[in-house]
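Trainee: Can you keep this structure in mind? I'll have questions shortly.
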Amino acid sequence: MPVIRVEVPEGTDYDTKTRIREGVKQAVLDTLAPKEIKYDYVAVREAFGILGDGLPLVTVDLRPGRDAGRKKALTDAIADILQQELNSDPIDLYVLFRENPAENHYTGGTPLPDWVPADQ
């Protein structure tokens, strides 16, 4: 159940932001959290900046436990989506993963359990 914020340039149209959001949600399921489908917190928001100079910027808050391979796969998938939708060069994408203990993640007033891969 990661929380993902994708920052795109001001003036990005609604349909493009929708495609980015839906693409990132699917990328999370395909790469980072394949067993979690109930919660998918992805926000696309406009920020002051230009592509290649501060944008695109992606922040991913999640519970610890994903290995570097999963994070890389998600980063690559997001880069592909942003290249397709914004013509953004993947080299300009900055992704920040912030891991917080499960006890700091709540939904419905209840803390989440530790994250474990779907096959465990």
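Chain lettering (A, B, ...) mirrors the order of the structure tokens, residue numbering begins at 1 for each chain separately, and ligand numbering begins at 1 in order of display.
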Could you give me, as JSON, numbers by chain, the residues within 10 Å of Phe48 in chain A, counting only C-alpha atoms and dropping anything in the same chain fewer than 6 positions from it?
Mentor: {"A": [7, 8, 9, 10, 11, 54, 55]}
Trainee: Emit the selected residues as a short mmCIF file (atom, residue, chain, number, x, y, z; two decimals), in the first residue's frame, including N, CA, C and O atoms.
Mentor:
```cif
data_model
loop_
_atom_site.label_atom_id
_atom_site.label_comp_id
_atom_site.auth_asym_id
_atom_site.auth_seq_id
_atom_site.Cartn_x
_atom_site.Cartn_y
_atom_site.Cartn_z
N GLU A 7 4.70 14.41 -9.59
CA GLU A 7 4.62 15.84 -9.87
C GLU A 7 4.97 16.09 -11.33
O GLU A 7 6.01 15.64 -11.82
N VAL A 8 4.05 16.78 -12.00
CA VAL A 8 4.18 17.07 -13.42
C VAL A 8 4.10 18.59 -13.61
O VAL A 8 3.67 19.31 -12.72
N PRO A 9 4.52 19.09 -14.78
CA PRO A 9 4.48 20.54 -14.99
C PRO A 9 3.07 21.12 -14.94
O PRO A 9 2.10 20.46 -15.30
N GLU A 10 3.00 22.37 -14.50
CA GLU A 10 1.73 23.09 -14.53
C GLU A 10 1.17 23.08 -15.94
O GLU A 10 1.91 23.13 -16.91
N GLY A 11 -0.14 22.98 -16.02
CA GLY A 11 -0.80 23.00 -17.32
C GLY A 11 -0.96 21.64 -17.96
O GLY A 11 -1.51 21.53 -19.06
N GLY A 54 13.94 19.74 -12.54
CA GLY A 54 13.14 19.59 -11.34
C GLY A 54 11.91 18.72 -11.50
O GLY A 54 11.31 18.30 -10.51
N LEU A 55 11.54 18.44 -12.72
CA LEU A 55 10.37 17.60 -12.98
C LEU A 55 10.72 16.61 -14.09
O LEU A 55 11.53 16.95 -14.96
#
```
Trainee: Can you tell me which residues surround His105 in chain A at a distance of at most 10 Å, considering only C-alpha atoms, apart from same-chain residues fewer than 6 positions away, and format the answer as a PyMOL selection string?
Mentor: chain A and resi 1-2+61-63+111-114
Trainee: For the residues in that selection, give me N, CA and C atoms as a short mmCIF file (atom, residue, chain, number, x, y, z; two decimals), in the first residue's frame.
Mentor:
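Output saved as out.cif:
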```cif
data_model
loop_
_atom_site.label_atom_id
_atom_site.label_comp_id
_atom_site.auth_asym_id
_atom_site.auth_seq_id
_atom_site.Cartn_x
_atom_site.Cartn_y
_atom_site.Cartn_z
N MET A 1 0.83 -1.19 0.00
CA MET A 1 0.00 0.00 0.00
C MET A 1 0.86 1.24 0.00
N PRO A 2 1.64 1.43 -1.02
CA PRO A 2 2.43 2.65 -1.07
C PRO A 2 1.57 3.87 -1.34
N ASP A 61 6.10 6.65 -0.67
CA ASP A 61 6.15 6.32 0.77
C ASP A 61 5.61 4.91 0.93
N LEU A 62 6.36 4.05 1.63
CA LEU A 62 5.94 2.66 1.77
C LEU A 62 6.55 2.03 3.01
N ARG A 63 6.00 0.86 3.35
CA ARG A 63 6.55 0.08 4.45
C ARG A 63 7.83 -0.61 3.98
N PRO A 111 -3.24 0.23 12.42
CA PRO A 111 -1.93 0.17 11.76
C PRO A 111 -1.84 -1.03 10.84
N LEU A 112 -1.07 -0.89 9.79
CA LEU A 112 -0.88 -1.97 8.84
C LEU A 112 0.16 -2.96 9.36
N PRO A 113 0.05 -4.22 8.95
CA PRO A 113 1.07 -5.19 9.32
C PRO A 113 2.34 -4.95 8.51
N ASP A 114 3.42 -5.61 8.92
CA ASP A 114 4.64 -5.54 8.13
C ASP A 114 4.35 -6.06 6.73
#
```
Trainee: Can you list, as a VMD selection string, all residues belonging to range 41-106 of chain A that DSSP tags as strand (DSSP E)?
Mentor: chain A and resid 41 to 47 50 to 51 54 to 55 57 to 62 94 to 99 106
Trainee: Next, the residues of the selection above should be written as a CSV table (one decimal), in the first residue's frame with N, CA and C atoms.
Mentor:
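Final output, saved to out-v9.csv:
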```
chain,number,residue,atom,x,y,z
A,41,TYR,N,-2.9,4.4,-3.5
A,41,TYR,CA,-2.9,5.8,-3.3
A,41,TYR,C,-1.9,6.4,-4.2
A,42,VAL,N,-2.4,6.9,-5.4
A,42,VAL,CA,-1.6,7.6,-6.4
A,42,VAL,C,-2.2,8.9,-6.7
A,43,ALA,N,-1.4,10.0,-6.5
A,43,ALA,CA,-1.8,11.3,-6.8
A,43,ALA,C,-0.9,11.9,-7.9
A,44,VAL,N,-1.5,12.6,-8.8
A,44,VAL,CA,-0.7,13.3,-9.8
A,44,VAL,C,-1.0,14.8,-9.6
A,45,ARG,N,0.0,15.6,-9.4
A,45,ARG,CA,-0.2,17.0,-9.1
A,45,ARG,C,0.7,17.8,-9.9
A,46,GLU,N,0.3,19.0,-10.2
A,46,GLU,CA,1.1,20.0,-10.9
A,46,GLU,C,2.0,20.7,-10.0
A,47,ALA,N,3.2,21.0,-10.5
A,47,ALA,CA,4.2,21.7,-9.7
A,47,ALA,C,4.9,22.7,-10.6
A,50,ILE,N,10.0,22.8,-14.9
A,50,ILE,CA,9.9,22.3,-16.3
A,50,ILE,C,10.5,20.9,-16.4
A,51,LEU,N,10.1,20.2,-17.4
A,51,LEU,CA,10.7,18.9,-17.6
A,51,LEU,C,12.2,19.0,-17.8
A,54,GLY,N,13.9,19.7,-12.5
A,54,GLY,CA,13.1,19.6,-11.3
A,54,GLY,C,11.9,18.7,-11.5
A,55,LEU,N,11.5,18.4,-12.7
A,55,LEU,CA,10.4,17.6,-13.0
A,55,LEU,C,10.7,16.6,-14.1
A,57,LEU,N,9.1,14.5,-10.8
A,57,LEU,CA,9.5,14.1,-9.5
A,57,LEU,C,8.4,13.2,-8.9
A,58,VAL,N,8.9,12.0,-8.4
A,58,VAL,CA,8.0,11.0,-7.9
A,58,VAL,C,8.4,10.7,-6.5
A,59,THR,N,7.5,10.7,-5.5
A,59,THR,CA,7.8,10.3,-4.2
A,59,THR,C,7.0,9.1,-3.8
A,60,VAL,N,7.6,8.1,-3.3
A,60,VAL,CA,7.0,6.8,-2.9
A,60,VAL,C,7.2,6.6,-1.4
A,61,ASP,N,6.1,6.7,-0.7
A,61,ASP,CA,6.1,6.3,0.8
A,61,ASP,C,5.6,4.9,0.9
A,62,LEU,N,6.4,4.1,1.6
A,62,LEU,CA,5.9,2.7,1.8
A,62,LEU,C,6.6,2.0,3.0
A,94,TYR,N,13.3,11.8,-11.2
A,94,TYR,CA,13.8,11.6,-9.9
A,94,TYR,C,12.8,10.9,-9.1
A,95,VAL,N,13.1,9.7,-8.5
A,95,VAL,CA,12.2,9.0,-7.7
A,95,VAL,C,12.8,8.8,-6.3
A,96,LEU,N,12.0,9.2,-5.3
A,96,LEU,CA,12.5,9.1,-3.9
A,96,LEU,C,11.6,8.1,-3.2
A,97,PHE,N,12.2,7.0,-2.7
A,97,PHE,CA,11.5,6.0,-1.9
A,97,PHE,C,11.8,6.4,-0.4
A,98,ARG,N,10.7,6.5,0.3
A,98,ARG,CA,10.8,6.7,1.8
A,98,ARG,C,10.1,5.6,2.5
A,99,GLU,N,10.9,4.9,3.3
A,99,GLU,CA,10.4,3.7,4.0
A,99,GLU,C,10.1,4.1,5.5
A,106,TYR,N,-1.5,3.8,8.8
A,106,TYR,CA,-2.8,3.5,9.3
A,106,TYR,C,-3.8,3.6,8.2
```
Trainee: Fewer than 2 positions away in the same chain doesn't count, so skip those; otherwise give me all residues within 8 Å of Lys25 in chain A, counting only C-alpha atoms, as a ChimeraX atom specification.
Mentor: /A:21-23,27-29,40-42
Trainee: Could you tell me which of A:Thr31, A:Ile20, A:Gln26, A:Asp53 comes closest to Thr75 in chain A if we count only C-alpha atoms?
Mentor: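 Of A:Thr31, A:Ile20, A:Gln26, A:Asp53, the one nearest Thr75 in chain A, counting only C-alpha atoms, is A:Thr31.
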Trainee: Under the rule that only C-alpha atoms are counted, which of A:Leu93, A:Ala77, A:Leu82, A:Val116 is the nearest residue to Thr16 in chain A?
Mentor: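 For Thr16 in chain A, the nearest of the given residues is A:Leu82.
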Trainee: Ranking A:Asp76, A:Asp67, A:Thr12, A:Ile91 by minimum distance to Gly49 in chain A and counting only C-alpha atoms, which one comes first?
Mentor: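 Once distances to Gly49 in chain A are computed over only C-alpha atoms, the minimum belongs to A:Thr12.
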